[in-house]
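Enquirer: Dropping the structure in here first, questions after.
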Amino acid sequence: MFLAVIIFALSFGLCFLSIKALKPIAYFLDLVDKPGGRKQHDGLIPLIGGLAIYLSVCLTSFVFIEQPVFIRLFLLAGGLIVFMGMADDRYQLSARFRLGGQLLVACIFVYGLDVHIHSFGDLFGFGDIEVGFLGYPLAVLSLIGVINALNMLDGMDGLVGCVIIVAFTGLIAMFGFNGNETFQYLCLSFVGAISAFLIFNLWGKPNKKLQKIFMGDAGSMFLGLSLGVLLIRGAQPEYAAFSPLTALWFVLLPMTDMFTIMYRRIKRGRSPMSPDRTHVHHIFLRAGFNKTATLCLMLSIQAVLCLMGFMISYAGVPEFLSFTLLVSFVLAYQLLMRRCWRFIRWSKKRLA
């Protein structure tokens with residue numbers, strides 16, 4: 001416990017100091033988010049949260065975590081996606097270029113470190129559904145999906161950071177029960193770094209002593225990649241910290257939101273990657289909830305889903321029942337999005 005507190009404190013402190021040190025560099029390099037269009041904020045906001053989190057995790061890992069090949073390549077590939085994310089934040093790269101970069105980084109993990117999907121689990125009560133050689137390309141697609149799901153969810157202060165903290169906290173417990181201290185400490189370093197970032201992101205103000213910062217695409221893609229890799233790794237038979245189906249509960253909210261939004265965009269004849277304000281947190285805002293209440297609602301949903309995955313994993317609940325509950329959530333989500341305007345009108349009347 002004492003070592004855990006030290007890891008959290010060091011990661012928190014390093015991220016806090018990194019943000020302070022990187023702010024003038026962000027202005028010098030024009031690595032800032034400018035208001036206009038869908039971006040409804042005041043002043044220039046430095047996009048350094050992702051880089052600060054990455055530096056903090058790297059330094060903390062170097063001090064407290066063993067450095068097998070997996071950890072070293074994890075941090076190296078993470079650095080690549082952070083660099084690409086920073087280039088995107090600065091120069092607005094095309095979706096095709098971003099996808100190519102994500103594919104390259106995902107392949108490093110899947111084919112370089114043998115991070116692959118072994119099976120889907122016992123979804124229908126007839127035994128595990130093995131995927132064989134398809135586990136490798138499926139893992140690549142899964143990593144790209146989680147990266148973009150977190151990137152697309154990053155539309156409100158603190159949202160991605162809070163969602164990720166809940167997921168990593170759950171992983172700390174699950175890796176801890178499995179006796180995997182390396183991954184447990186790695187997740188803890190993420191929680192410490194993201195906590196420091198949230199202080200600036202949630203309570204900072206433009207041009208004030210405690211200045212607001214954003215994590216940018218560098219942060220959301222790095223966190224999405226890291227979460228996806230640890231979920232697939234922890235579900236592999238040789239580690240067996242949790243089942244493949246349990247891993248889905250930890251990313252169920254952002255993945256469901258992403259696929260729902262992409263389907264709705266395609267149905268309307270738009271590009272699935274085109275930005276808009278139709279995510280579930282936008283629905284809550286339009287329904288009359290303020291930003292704090294919306295953040296608490298999203299955080300509560302994520303916490304309940306992760307807790308469901310955790311409890312189902314360790315309570316001996318059959319996997320087909322877990323799969324049924326998971327599908328039920330997806331269907332309920334679709335129903336809410338289809339009738340979102342009814343929900344908005346009803347909620348506004350209730351909150352008036």
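Each chain of the structure tokens is named A, B, ... in the order shown, its residues numbered from 1; ligands are numbered from 1 in display order.
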Would you list the contacts of Tyr111 of chain A as a PyMOL selection string, taking every protein, DNA or RNA residue within 12 Å and counting only C-alpha atoms, but skipping same-chain residues closer than 4 positions in sequence?

Expert: chain A and resi 73+103-107+115-117+133+135-140

Enquirer: Just to be explicit: take each residue in the selection above, keep C-alpha atoms, and write the result as a PDB file, in the first residue's frame.

Expert:
ATOM      1  CA  LEU A  73       7.804  -1.279 -26.328  1.00  0.00           C
ATOM      2  CA  LEU A 103      -2.655   0.996 -37.663  1.00  0.00           C
ATOM      3  CA  LEU A 104       1.144   1.078 -37.462  1.00  0.00           C
ATOM      4  CA  VAL A 105       1.195   1.491 -33.682  1.00  0.00           C
ATOM      5  CA  ALA A 106      -1.467  -1.193 -33.170  1.00  0.00           C
ATOM      6  CA  CYS A 107       0.570  -3.629 -35.279  1.00  0.00           C
ATOM      7  CA  VAL A 115      -1.022  -9.010 -27.927  1.00  0.00           C
ATOM      8  CA  HIS A 116      -3.971 -10.742 -29.556  1.00  0.00           C
ATOM      9  CA  ILE A 117      -7.507 -11.907 -28.891  1.00  0.00           C
ATOM     10  CA  PHE A 133      -5.430 -16.729 -36.429  1.00  0.00           C
ATOM     11  CA  GLY A 135      -7.268 -13.027 -33.174  1.00  0.00           C
ATOM     12  CA  TYR A 136      -4.434 -10.899 -34.554  1.00  0.00           C
ATOM     13  CA  PRO A 137      -6.310  -8.731 -37.063  1.00  0.00           C
ATOM     14  CA  LEU A 138      -9.238  -8.543 -34.623  1.00  0.00           C
ATOM     15  CA  ALA A 139      -6.870  -7.195 -31.976  1.00  0.00           C
ATOM     16  CA  VAL A 140      -5.598  -4.550 -34.404  1.00  0.00           C
TER      17      VAL A 140
END

Enquirer: Skipping near chain neighbours, those fewer than 4 positions away, what residues fall within 7 Å of Phe83 of chain A using only C-alpha atoms, listed as a ChimeraX atom specification?

Expert: /A:79,87,218

Enquirer: Please determine, counting only C-alpha atoms, which residue among A:Val32, A:Leu210, A:Cys187, A:Leu123 has the shortest atom-to-atom distance to Gln92 of chain A.

Expert: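 Among A:Val32, A:Leu210, A:Cys187, A:Leu123, it is A:Val32 that comes nearest to Gln92 of chain A.
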
Enquirer: Choose the residue, out of A:Met174, A:Val160, A:Leu93, A:Ile147, that has the smallest atom-to-atom separation from Leu307 of chain A; count only C-alpha atoms.

Expert: A:Met174

Enquirer: Pick out the residues sitting within 9 Å of segment 224-235 of chain A, and hand them over as a PDB file with N, CA and C atoms, in the first residue's frame; count only C-alpha atoms, and ignore anything fewer than 3 positions along from it in its own chain.

Expert:
ATOM      1  N   PHE A  74       5.834  -0.851 -24.990  1.00  0.00           N
ATOM      2  CA  PHE A  74       4.588  -0.159 -24.641  1.00  0.00           C
ATOM      3  C   PHE A  74       4.825   1.349 -24.602  1.00  0.00           C
ATOM      4  N   GLY A  78       3.700   4.036 -27.383  1.00  0.00           N
ATOM      5  CA  GLY A  78       2.902   5.128 -26.832  1.00  0.00           C
ATOM      6  C   GLY A  78       3.465   6.479 -27.226  1.00  0.00           C
ATOM      7  N   ILE A  81       2.428   7.379 -30.805  1.00  0.00           N
ATOM      8  CA  ILE A  81       1.063   7.874 -30.988  1.00  0.00           C
ATOM      9  C   ILE A  81       0.884   9.242 -30.341  1.00  0.00           C
ATOM     10  N   GLN A 102      -2.317   5.026 -36.567  1.00  0.00           N
ATOM     11  CA  GLN A 102      -2.901   4.148 -35.545  1.00  0.00           C
ATOM     12  C   GLN A 102      -2.708   2.679 -35.911  1.00  0.00           C
ATOM     13  N   VAL A 105       0.947   1.666 -35.116  1.00  0.00           N
ATOM     14  CA  VAL A 105       1.195   1.491 -33.682  1.00  0.00           C
ATOM     15  C   VAL A 105       0.497   0.240 -33.162  1.00  0.00           C
ATOM     16  N   ALA A 106      -0.739  -0.004 -33.603  1.00  0.00           N
ATOM     17  CA  ALA A 106      -1.467  -1.193 -33.170  1.00  0.00           C
ATOM     18  C   ALA A 106      -0.728  -2.465 -33.591  1.00  0.00           C
ATOM     19  N   PHE A 109       2.133  -3.618 -31.263  1.00  0.00           N
ATOM     20  CA  PHE A 109       1.706  -4.391 -30.106  1.00  0.00           C
ATOM     21  C   PHE A 109       1.249  -5.788 -30.502  1.00  0.00           C
ATOM     22  N   VAL A 110       0.427  -5.871 -31.528  1.00  0.00           N
ATOM     23  CA  VAL A 110      -0.190  -7.148 -31.878  1.00  0.00           C
ATOM     24  C   VAL A 110       0.832  -8.133 -32.431  1.00  0.00           C
ATOM     25  N   ASP A 114       2.840  -9.889 -29.457  1.00  0.00           N
ATOM     26  CA  ASP A 114       1.884 -10.995 -29.397  1.00  0.00           C
ATOM     27  C   ASP A 114       0.669 -10.656 -28.530  1.00  0.00           C
ATOM     28  N   VAL A 115       0.211  -9.411 -28.615  1.00  0.00           N
ATOM     29  CA  VAL A 115      -1.022  -9.010 -27.927  1.00  0.00           C
ATOM     30  C   VAL A 115      -2.172  -9.287 -28.877  1.00  0.00           C
ATOM     31  N   HIS A 116      -2.900 -10.367 -28.628  1.00  0.00           N
ATOM     32  CA  HIS A 116      -3.971 -10.742 -29.556  1.00  0.00           C
ATOM     33  C   HIS A 116      -5.169 -11.286 -28.786  1.00  0.00           C
ATOM     34  N   ILE A 117      -6.279 -11.371 -29.475  1.00  0.00           N
ATOM     35  CA  ILE A 117      -7.507 -11.907 -28.891  1.00  0.00           C
ATOM     36  C   ILE A 117      -7.515 -13.420 -29.055  1.00  0.00           C
ATOM     37  N   HIS A 118      -7.630 -14.125 -27.949  1.00  0.00           N
ATOM     38  CA  HIS A 118      -7.591 -15.584 -27.982  1.00  0.00           C
ATOM     39  C   HIS A 118      -8.972 -16.172 -28.257  1.00  0.00           C
ATOM     40  N   ALA A 139      -7.504  -8.021 -33.010  1.00  0.00           N
ATOM     41  CA  ALA A 139      -6.870  -7.195 -31.976  1.00  0.00           C
ATOM     42  C   ALA A 139      -6.466  -5.837 -32.533  1.00  0.00           C
ATOM     43  N   SER A 142      -9.566  -3.849 -32.825  1.00  0.00           N
ATOM     44  CA  SER A 142     -10.049  -3.480 -31.495  1.00  0.00           C
ATOM     45  C   SER A 142      -9.268  -2.297 -30.941  1.00  0.00           C
ATOM     46  N   LEU A 143      -7.954  -2.317 -31.106  1.00  0.00           N
ATOM     47  CA  LEU A 143      -7.129  -1.210 -30.605  1.00  0.00           C
ATOM     48  C   LEU A 143      -7.467   0.088 -31.330  1.00  0.00           C
ATOM     49  N   ILE A 144      -7.604   0.016 -32.646  1.00  0.00           N
ATOM     50  CA  ILE A 144      -7.971   1.212 -33.405  1.00  0.00           C
ATOM     51  C   ILE A 144      -9.343   1.710 -32.967  1.00  0.00           C
ATOM     52  N   GLY A 145     -10.256   0.771 -32.701  1.00  0.00           N
ATOM     53  CA  GLY A 145     -11.590   1.159 -32.244  1.00  0.00           C
ATOM     54  C   GLY A 145     -11.566   1.876 -30.909  1.00  0.00           C
ATOM     55  N   VAL A 146     -10.811   1.344 -29.945  1.00  0.00           N
ATOM     56  CA  VAL A 146     -10.745   1.986 -28.624  1.00  0.00           C
ATOM     57  C   VAL A 146     -10.058   3.347 -28.719  1.00  0.00           C
ATOM     58  N   ILE A 147      -8.999   3.440 -29.514  1.00  0.00           N
ATOM     59  CA  ILE A 147      -8.304   4.724 -29.696  1.00  0.00           C
ATOM     60  C   ILE A 147      -9.281   5.785 -30.191  1.00  0.00           C
ATOM     61  N   ASN A 148     -10.039   5.456 -31.222  1.00  0.00           N
ATOM     62  CA  ASN A 148     -10.952   6.442 -31.812  1.00  0.00           C
ATOM     63  C   ASN A 148     -12.177   6.680 -30.942  1.00  0.00           C
ATOM     64  N   ALA A 149     -12.601   5.664 -30.195  1.00  0.00           N
ATOM     65  CA  ALA A 149     -13.739   5.849 -29.301  1.00  0.00           C
ATOM     66  C   ALA A 149     -13.425   6.885 -28.229  1.00  0.00           C
ATOM     67  N   LEU A 150     -12.228   6.794 -27.630  1.00  0.00           N
ATOM     68  CA  LEU A 150     -11.842   7.779 -26.612  1.00  0.00           C
ATOM     69  C   LEU A 150     -11.590   9.143 -27.236  1.00  0.00           C
ATOM     70  N   ASN A 151     -11.030   9.144 -28.444  1.00  0.00           N
ATOM     71  CA  ASN A 151     -10.770  10.399 -29.133  1.00  0.00           C
ATOM     72  C   ASN A 151     -12.067  11.131 -29.462  1.00  0.00           C
ATOM     73  N   ILE A 164     -11.476   7.335 -18.112  1.00  0.00           N
ATOM     74  CA  ILE A 164     -10.272   6.517 -18.108  1.00  0.00           C
ATOM     75  C   ILE A 164      -9.835   6.195 -16.678  1.00  0.00           C
ATOM     76  N   ALA A 167     -11.821   3.320 -15.440  1.00  0.00           N
ATOM     77  CA  ALA A 167     -11.411   2.065 -16.078  1.00  0.00           C
ATOM     78  C   ALA A 167     -10.081   1.567 -15.506  1.00  0.00           C
ATOM     79  N   PHE A 168      -9.110   2.457 -15.361  1.00  0.00           N
ATOM     80  CA  PHE A 168      -7.806   2.050 -14.835  1.00  0.00           C
ATOM     81  C   PHE A 168      -7.903   1.650 -13.362  1.00  0.00           C
ATOM     82  N   LEU A 171      -8.979  -1.827 -13.380  1.00  0.00           N
ATOM     83  CA  LEU A 171      -7.875  -2.702 -13.784  1.00  0.00           C
ATOM     84  C   LEU A 171      -6.856  -2.876 -12.663  1.00  0.00           C
ATOM     85  N   MET A 174      -8.264  -5.614 -10.580  1.00  0.00           N
ATOM     86  CA  MET A 174      -8.282  -6.918 -11.237  1.00  0.00           C
ATOM     87  C   MET A 174      -6.872  -7.475 -11.427  1.00  0.00           C
ATOM     88  N   PHE A 175      -5.926  -6.624 -11.802  1.00  0.00           N
ATOM     89  CA  PHE A 175      -4.537  -7.103 -11.891  1.00  0.00           C
ATOM     90  C   PHE A 175      -3.993  -7.421 -10.506  1.00  0.00           C
ATOM     91  N   PHE A 183       1.606  -4.643 -14.158  1.00  0.00           N
ATOM     92  CA  PHE A 183       0.487  -3.952 -14.785  1.00  0.00           C
ATOM     93  C   PHE A 183      -0.313  -3.146 -13.771  1.00  0.00           C
ATOM     94  N   CYS A 187      -0.944   0.843 -14.282  1.00  0.00           N
ATOM     95  CA  CYS A 187      -2.263   1.483 -14.239  1.00  0.00           C
ATOM     96  C   CYS A 187      -2.311   2.574 -13.175  1.00  0.00           C
ATOM     97  N   GLY A 219      -3.363  13.077 -26.109  1.00  0.00           N
ATOM     98  CA  GLY A 219      -3.758  12.451 -24.857  1.00  0.00           C
ATOM     99  C   GLY A 219      -4.835  11.408 -25.029  1.00  0.00           C
ATOM    100  N   SER A 220      -5.885  11.751 -25.758  1.00  0.00           N
ATOM    101  CA  SER A 220      -7.002  10.808 -25.901  1.00  0.00           C
ATOM    102  C   SER A 220      -6.577   9.549 -26.656  1.00  0.00           C
ATOM    103  N   MET A 221      -5.725   9.693 -27.675  1.00  0.00           N
ATOM    104  CA  MET A 221      -5.281   8.517 -28.424  1.00  0.00           C
ATOM    105  C   MET A 221      -4.314   7.671 -27.607  1.00  0.00           C
ATOM    106  N   GLU A 238      -2.595 -16.708 -20.843  1.00  0.00           N
ATOM    107  CA  GLU A 238      -1.381 -16.818 -20.040  1.00  0.00           C
ATOM    108  C   GLU A 238      -1.341 -15.830 -18.884  1.00  0.00           C
ATOM    109  N   TYR A 239      -2.209 -14.822 -18.927  1.00  0.00           N
ATOM    110  CA  TYR A 239      -2.286 -13.857 -17.815  1.00  0.00           C
ATOM    111  C   TYR A 239      -3.600 -14.036 -17.043  1.00  0.00           C
ATOM    112  N   ALA A 240      -4.685 -14.193 -17.755  1.00  0.00           N
ATOM    113  CA  ALA A 240      -5.988 -14.558 -17.187  1.00  0.00           C
ATOM    114  C   ALA A 240      -6.388 -13.713 -15.985  1.00  0.00           C
ATOM    115  N   ALA A 241      -6.195 -12.400 -16.093  1.00  0.00           N
ATOM    116  CA  ALA A 241      -6.664 -11.512 -15.019  1.00  0.00           C
ATOM    117  C   ALA A 241      -8.176 -11.349 -15.081  1.00  0.00           C
ATOM    118  N   PHE A 242      -8.745 -11.488 -16.283  1.00  0.00           N
ATOM    119  CA  PHE A 242     -10.187 -11.396 -16.482  1.00  0.00           C
ATOM    120  C   PHE A 242     -10.505 -11.993 -17.847  1.00  0.00           C
ATOM    121  N   SER A 243     -11.778 -12.191 -18.110  1.00  0.00           N
ATOM    122  CA  SER A 243     -12.195 -12.808 -19.372  1.00  0.00           C
ATOM    123  C   SER A 243     -12.306 -11.752 -20.472  1.00  0.00           C
ATOM    124  N   PRO A 244     -12.287 -12.169 -21.741  1.00  0.00           N
ATOM    125  CA  PRO A 244     -12.465 -11.204 -22.840  1.00  0.00           C
ATOM    126  C   PRO A 244     -13.765 -10.421 -22.723  1.00  0.00           C
ATOM    127  N   LEU A 245     -14.816 -11.075 -22.264  1.00  0.00           N
ATOM    128  CA  LEU A 245     -16.106 -10.397 -22.136  1.00  0.00           C
ATOM    129  C   LEU A 245     -16.064  -9.342 -21.036  1.00  0.00           C
ATOM    130  N   THR A 246     -15.342  -9.633 -19.957  1.00  0.00           N
ATOM    131  CA  THR A 246     -15.193  -8.647 -18.882  1.00  0.00           C
ATOM    132  C   THR A 246     -14.495  -7.397 -19.400  1.00  0.00           C
ATOM    133  N   ALA A 247     -13.507  -7.586 -20.271  1.00  0.00           N
ATOM    134  CA  ALA A 247     -12.782  -6.441 -20.827  1.00  0.00           C
ATOM    135  C   ALA A 247     -13.719  -5.489 -21.552  1.00  0.00           C
ATOM    136  N   LEU A 248     -14.744  -6.038 -22.199  1.00  0.00           N
ATOM    137  CA  LEU A 248     -15.683  -5.196 -22.948  1.00  0.00           C
ATOM    138  C   LEU A 248     -16.431  -4.227 -22.036  1.00  0.00           C
ATOM    139  N   PHE A 250     -15.381  -2.499 -19.666  1.00  0.00           N
ATOM    140  CA  PHE A 250     -14.576  -1.328 -19.332  1.00  0.00           C
ATOM    141  C   PHE A 250     -14.557  -0.287 -20.454  1.00  0.00           C
ATOM    142  N   VAL A 251     -14.880  -0.699 -21.663  1.00  0.00           N
ATOM    143  CA  VAL A 251     -14.915   0.249 -22.788  1.00  0.00           C
ATOM    144  C   VAL A 251     -16.296   0.297 -23.424  1.00  0.00           C
TER     145      VAL A 251
END

Enquirer: By how many Å are atom CA of Asp217 of chain A and atom CA of Asp154 of chain A apart?

Expert: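 Distance reported for this atom pair: 8.5 Å.
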
Enquirer: Skip segment 188-195 of chain A itself and residues of its chain fewer than 4 positions away, then list as a PDB file with C-alpha atoms, in the first residue's frame all residues within 6 Å of it, counting only C-alpha atoms.

Expert:
ATOM      1  CA  PHE A   8       0.559   7.688  -7.323  1.00  0.00           C
ATOM      2  CA  SER A  11       3.167  10.293 -11.093  1.00  0.00           C
ATOM      3  CA  PHE A  12       0.839  13.063  -9.932  1.00  0.00           C
ATOM      4  CA  CYS A  15       2.551  15.405 -14.428  1.00  0.00           C
ATOM      5  CA  ILE A  53       0.643  12.363 -18.923  1.00  0.00           C
ATOM      6  CA  VAL A  57       3.967   7.592 -16.891  1.00  0.00           C
ATOM      7  CA  ILE A 165      -9.549   6.890 -14.381  1.00  0.00           C
TER       8      ILE A 165
END

Enquirer: Could you please write out, as a PyMOL selection string, every residue of segment 140-287 of chain A that DSSP assigns to helix (DSSP H, G or I)?

Expert: chain A and resi 140-153+159-177+181-203+216-234+244-267+280-286

Enquirer: I'd like the interatomic distance between atom CA of Leu305 of chain A and atom CA of Leu223 of chain A, to a tenth of an Å.

Expert: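 Separation between atom CA of Leu305 of chain A and atom CA of Leu223 of chain A: 18.6 Å.
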
Enquirer: Using only C-alpha atoms, pick whichever of A:Val280, A:Ala315, A:Ala21, A:Leu10 has the shortest atom-to-atom distance to Cys340 of chain A.

Expert: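 Residue with the minimum atom-to-atom distance to Cys340 of chain A: A:Val280.
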
Enquirer: List the spatial neighbours of Leu3 of chain A as a PyMOL selection string - criterion: any atom at most 12 Å away, only C-alpha atoms, same-chain residues fewer than 6 positions off excluded.

Expert: chain A and resi 9-10+60+63-65+181+184-185+188-189

Enquirer: Restricting the output to N, CA and C atoms, write the selected residues as a compact mmCIF listing (two decimals), in the first residue's frame.

Expert:
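Contents of again37.txt, as written:
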# COMPACT_ATOMS: atom_id res chain seq x y z
N ALA A 9 1.72 9.36 -5.98
CA ALA A 9 2.20 10.71 -5.67
C ALA A 9 3.27 11.17 -6.66
N LEU A 10 4.20 10.27 -7.01
CA LEU A 10 5.25 10.64 -7.95
C LEU A 10 4.67 10.93 -9.33
N THR A 60 7.74 7.54 -14.13
CA THR A 60 7.32 6.73 -13.00
C THR A 60 7.58 5.25 -13.25
N VAL A 63 11.23 4.30 -12.77
CA VAL A 63 11.68 4.25 -11.38
C VAL A 63 11.15 3.03 -10.65
N PHE A 64 9.87 2.69 -10.84
CA PHE A 64 9.22 1.71 -9.98
C PHE A 64 8.83 0.39 -10.66
N ILE A 65 8.83 0.33 -11.97
CA ILE A 65 8.33 -0.86 -12.65
C ILE A 65 9.47 -1.56 -13.37
N GLU A 181 1.78 -7.36 -10.40
CA GLU A 181 2.15 -6.06 -9.87
C GLU A 181 2.64 -5.11 -10.96
N GLN A 184 -0.37 -3.63 -12.54
CA GLN A 184 -1.08 -2.90 -11.50
C GLN A 184 -0.41 -1.54 -11.25
N TYR A 185 0.91 -1.53 -11.14
CA TYR A 185 1.63 -0.27 -10.92
C TYR A 185 1.59 0.63 -12.15
N LEU A 188 -1.66 2.33 -12.05
CA LEU A 188 -1.65 3.32 -10.97
C LEU A 188 -0.92 4.59 -11.39
N SER A 189 0.14 4.43 -12.18
CA SER A 189 0.86 5.62 -12.66
C SER A 189 -0.02 6.44 -13.60

Enquirer: As number ranges by chain, which residues of segment 4-241 of chain A does DSSP assign to strand (DSSP E or B)?

Expert: A: 32-33, 36, 39, 45-46, 119, 130

Enquirer: Need to verify the contact set: Arg264 of chain A, 12 Å, only C-alpha atoms, exclusion of same-chain residues closer than 3 positions in sequence. Can you return it as number ranges by chain?

Expert: A: 257-261, 267-274, 276, 278-279, 334, 337-338

Enquirer: Would you save the residues from that selection as a PDB file, in the first residue's frame, using N, CA and C atoms?

Expert:
ATOM      1  N   ASP A 257     -21.028   4.483 -27.783  1.00  0.00           N
ATOM      2  CA  ASP A 257     -21.261   5.845 -28.250  1.00  0.00           C
ATOM      3  C   ASP A 257     -20.660   6.053 -29.636  1.00  0.00           C
ATOM      4  N   MET A 258     -19.441   5.551 -29.844  1.00  0.00           N
ATOM      5  CA  MET A 258     -18.777   5.749 -31.136  1.00  0.00           C
ATOM      6  C   MET A 258     -19.531   5.063 -32.270  1.00  0.00           C
ATOM      7  N   PHE A 259     -19.863   3.783 -32.098  1.00  0.00           N
ATOM      8  CA  PHE A 259     -20.530   3.055 -33.172  1.00  0.00           C
ATOM      9  C   PHE A 259     -21.932   3.608 -33.446  1.00  0.00           C
ATOM     10  N   THR A 260     -22.603   4.060 -32.392  1.00  0.00           N
ATOM     11  CA  THR A 260     -23.929   4.648 -32.579  1.00  0.00           C
ATOM     12  C   THR A 260     -23.848   5.925 -33.400  1.00  0.00           C
ATOM     13  N   ILE A 261     -22.907   6.783 -33.043  1.00  0.00           N
ATOM     14  CA  ILE A 261     -22.739   8.053 -33.745  1.00  0.00           C
ATOM     15  C   ILE A 261     -22.314   7.821 -35.190  1.00  0.00           C
ATOM     16  N   LYS A 267     -25.955   6.965 -41.987  1.00  0.00           N
ATOM     17  CA  LYS A 267     -27.359   6.929 -42.378  1.00  0.00           C
ATOM     18  C   LYS A 267     -27.811   8.268 -42.953  1.00  0.00           C
ATOM     19  N   ARG A 268     -27.188   9.365 -42.471  1.00  0.00           N
ATOM     20  CA  ARG A 268     -27.542  10.694 -42.964  1.00  0.00           C
ATOM     21  C   ARG A 268     -26.693  11.113 -44.157  1.00  0.00           C
ATOM     22  N   GLY A 269     -25.862  10.197 -44.663  1.00  0.00           N
ATOM     23  CA  GLY A 269     -25.052  10.498 -45.830  1.00  0.00           C
ATOM     24  C   GLY A 269     -23.801  11.295 -45.529  1.00  0.00           C
ATOM     25  N   ARG A 270     -23.343  11.264 -44.279  1.00  0.00           N
ATOM     26  CA  ARG A 270     -22.146  12.001 -43.880  1.00  0.00           C
ATOM     27  C   ARG A 270     -21.000  11.037 -43.618  1.00  0.00           C
ATOM     28  N   SER A 271     -19.806  11.577 -43.560  1.00  0.00           N
ATOM     29  CA  SER A 271     -18.643  10.760 -43.215  1.00  0.00           C
ATOM     30  C   SER A 271     -18.751  10.314 -41.758  1.00  0.00           C
ATOM     31  N   PRO A 272     -18.425   9.035 -41.468  1.00  0.00           N
ATOM     32  CA  PRO A 272     -18.508   8.567 -40.080  1.00  0.00           C
ATOM     33  C   PRO A 272     -17.537   9.267 -39.147  1.00  0.00           C
ATOM     34  N   MET A 273     -16.515   9.916 -39.705  1.00  0.00           N
ATOM     35  CA  MET A 273     -15.522  10.613 -38.885  1.00  0.00           C
ATOM     36  C   MET A 273     -15.773  12.115 -38.807  1.00  0.00           C
ATOM     37  N   SER A 274     -16.836  12.595 -39.422  1.00  0.00           N
ATOM     38  CA  SER A 274     -17.117  14.034 -39.391  1.00  0.00           C
ATOM     39  C   SER A 274     -17.566  14.447 -37.985  1.00  0.00           C
ATOM     40  N   ASP A 276     -19.470  16.380 -34.904  1.00  0.00           N
ATOM     41  CA  ASP A 276     -20.770  17.000 -34.647  1.00  0.00           C
ATOM     42  C   ASP A 276     -20.977  17.045 -33.132  1.00  0.00           C
ATOM     43  N   THR A 278     -23.576  15.360 -31.321  1.00  0.00           N
ATOM     44  CA  THR A 278     -24.685  14.427 -31.089  1.00  0.00           C
ATOM     45  C   THR A 278     -24.280  13.270 -30.172  1.00  0.00           C
ATOM     46  N   HIS A 279     -23.153  13.393 -29.477  1.00  0.00           N
ATOM     47  CA  HIS A 279     -22.758  12.361 -28.520  1.00  0.00           C
ATOM     48  C   HIS A 279     -23.704  12.393 -27.324  1.00  0.00           C
ATOM     49  N   GLN A 334     -29.369   2.510 -27.782  1.00  0.00           N
ATOM     50  CA  GLN A 334     -29.927   2.830 -29.097  1.00  0.00           C
ATOM     51  C   GLN A 334     -31.320   3.438 -28.958  1.00  0.00           C
ATOM     52  N   MET A 337     -31.012   7.073 -27.895  1.00  0.00           N
ATOM     53  CA  MET A 337     -30.555   7.953 -28.967  1.00  0.00           C
ATOM     54  C   MET A 337     -31.629   8.158 -30.025  1.00  0.00           C
ATOM     55  N   ARG A 338     -32.436   7.122 -30.285  1.00  0.00           N
ATOM     56  CA  ARG A 338     -33.514   7.268 -31.270  1.00  0.00           C
ATOM     57  C   ARG A 338     -34.598   8.223 -30.769  1.00  0.00           C
TER      58      ARG A 338
END

Enquirer: Restricting the calculation to only C-alpha atoms: of A:Phe320, A:Phe329, A:Phe343, A:Phe214, which residue gets closest to Asp128 of chain A?

Expert: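 The closest residue to Asp128 of chain A is A:Phe320.
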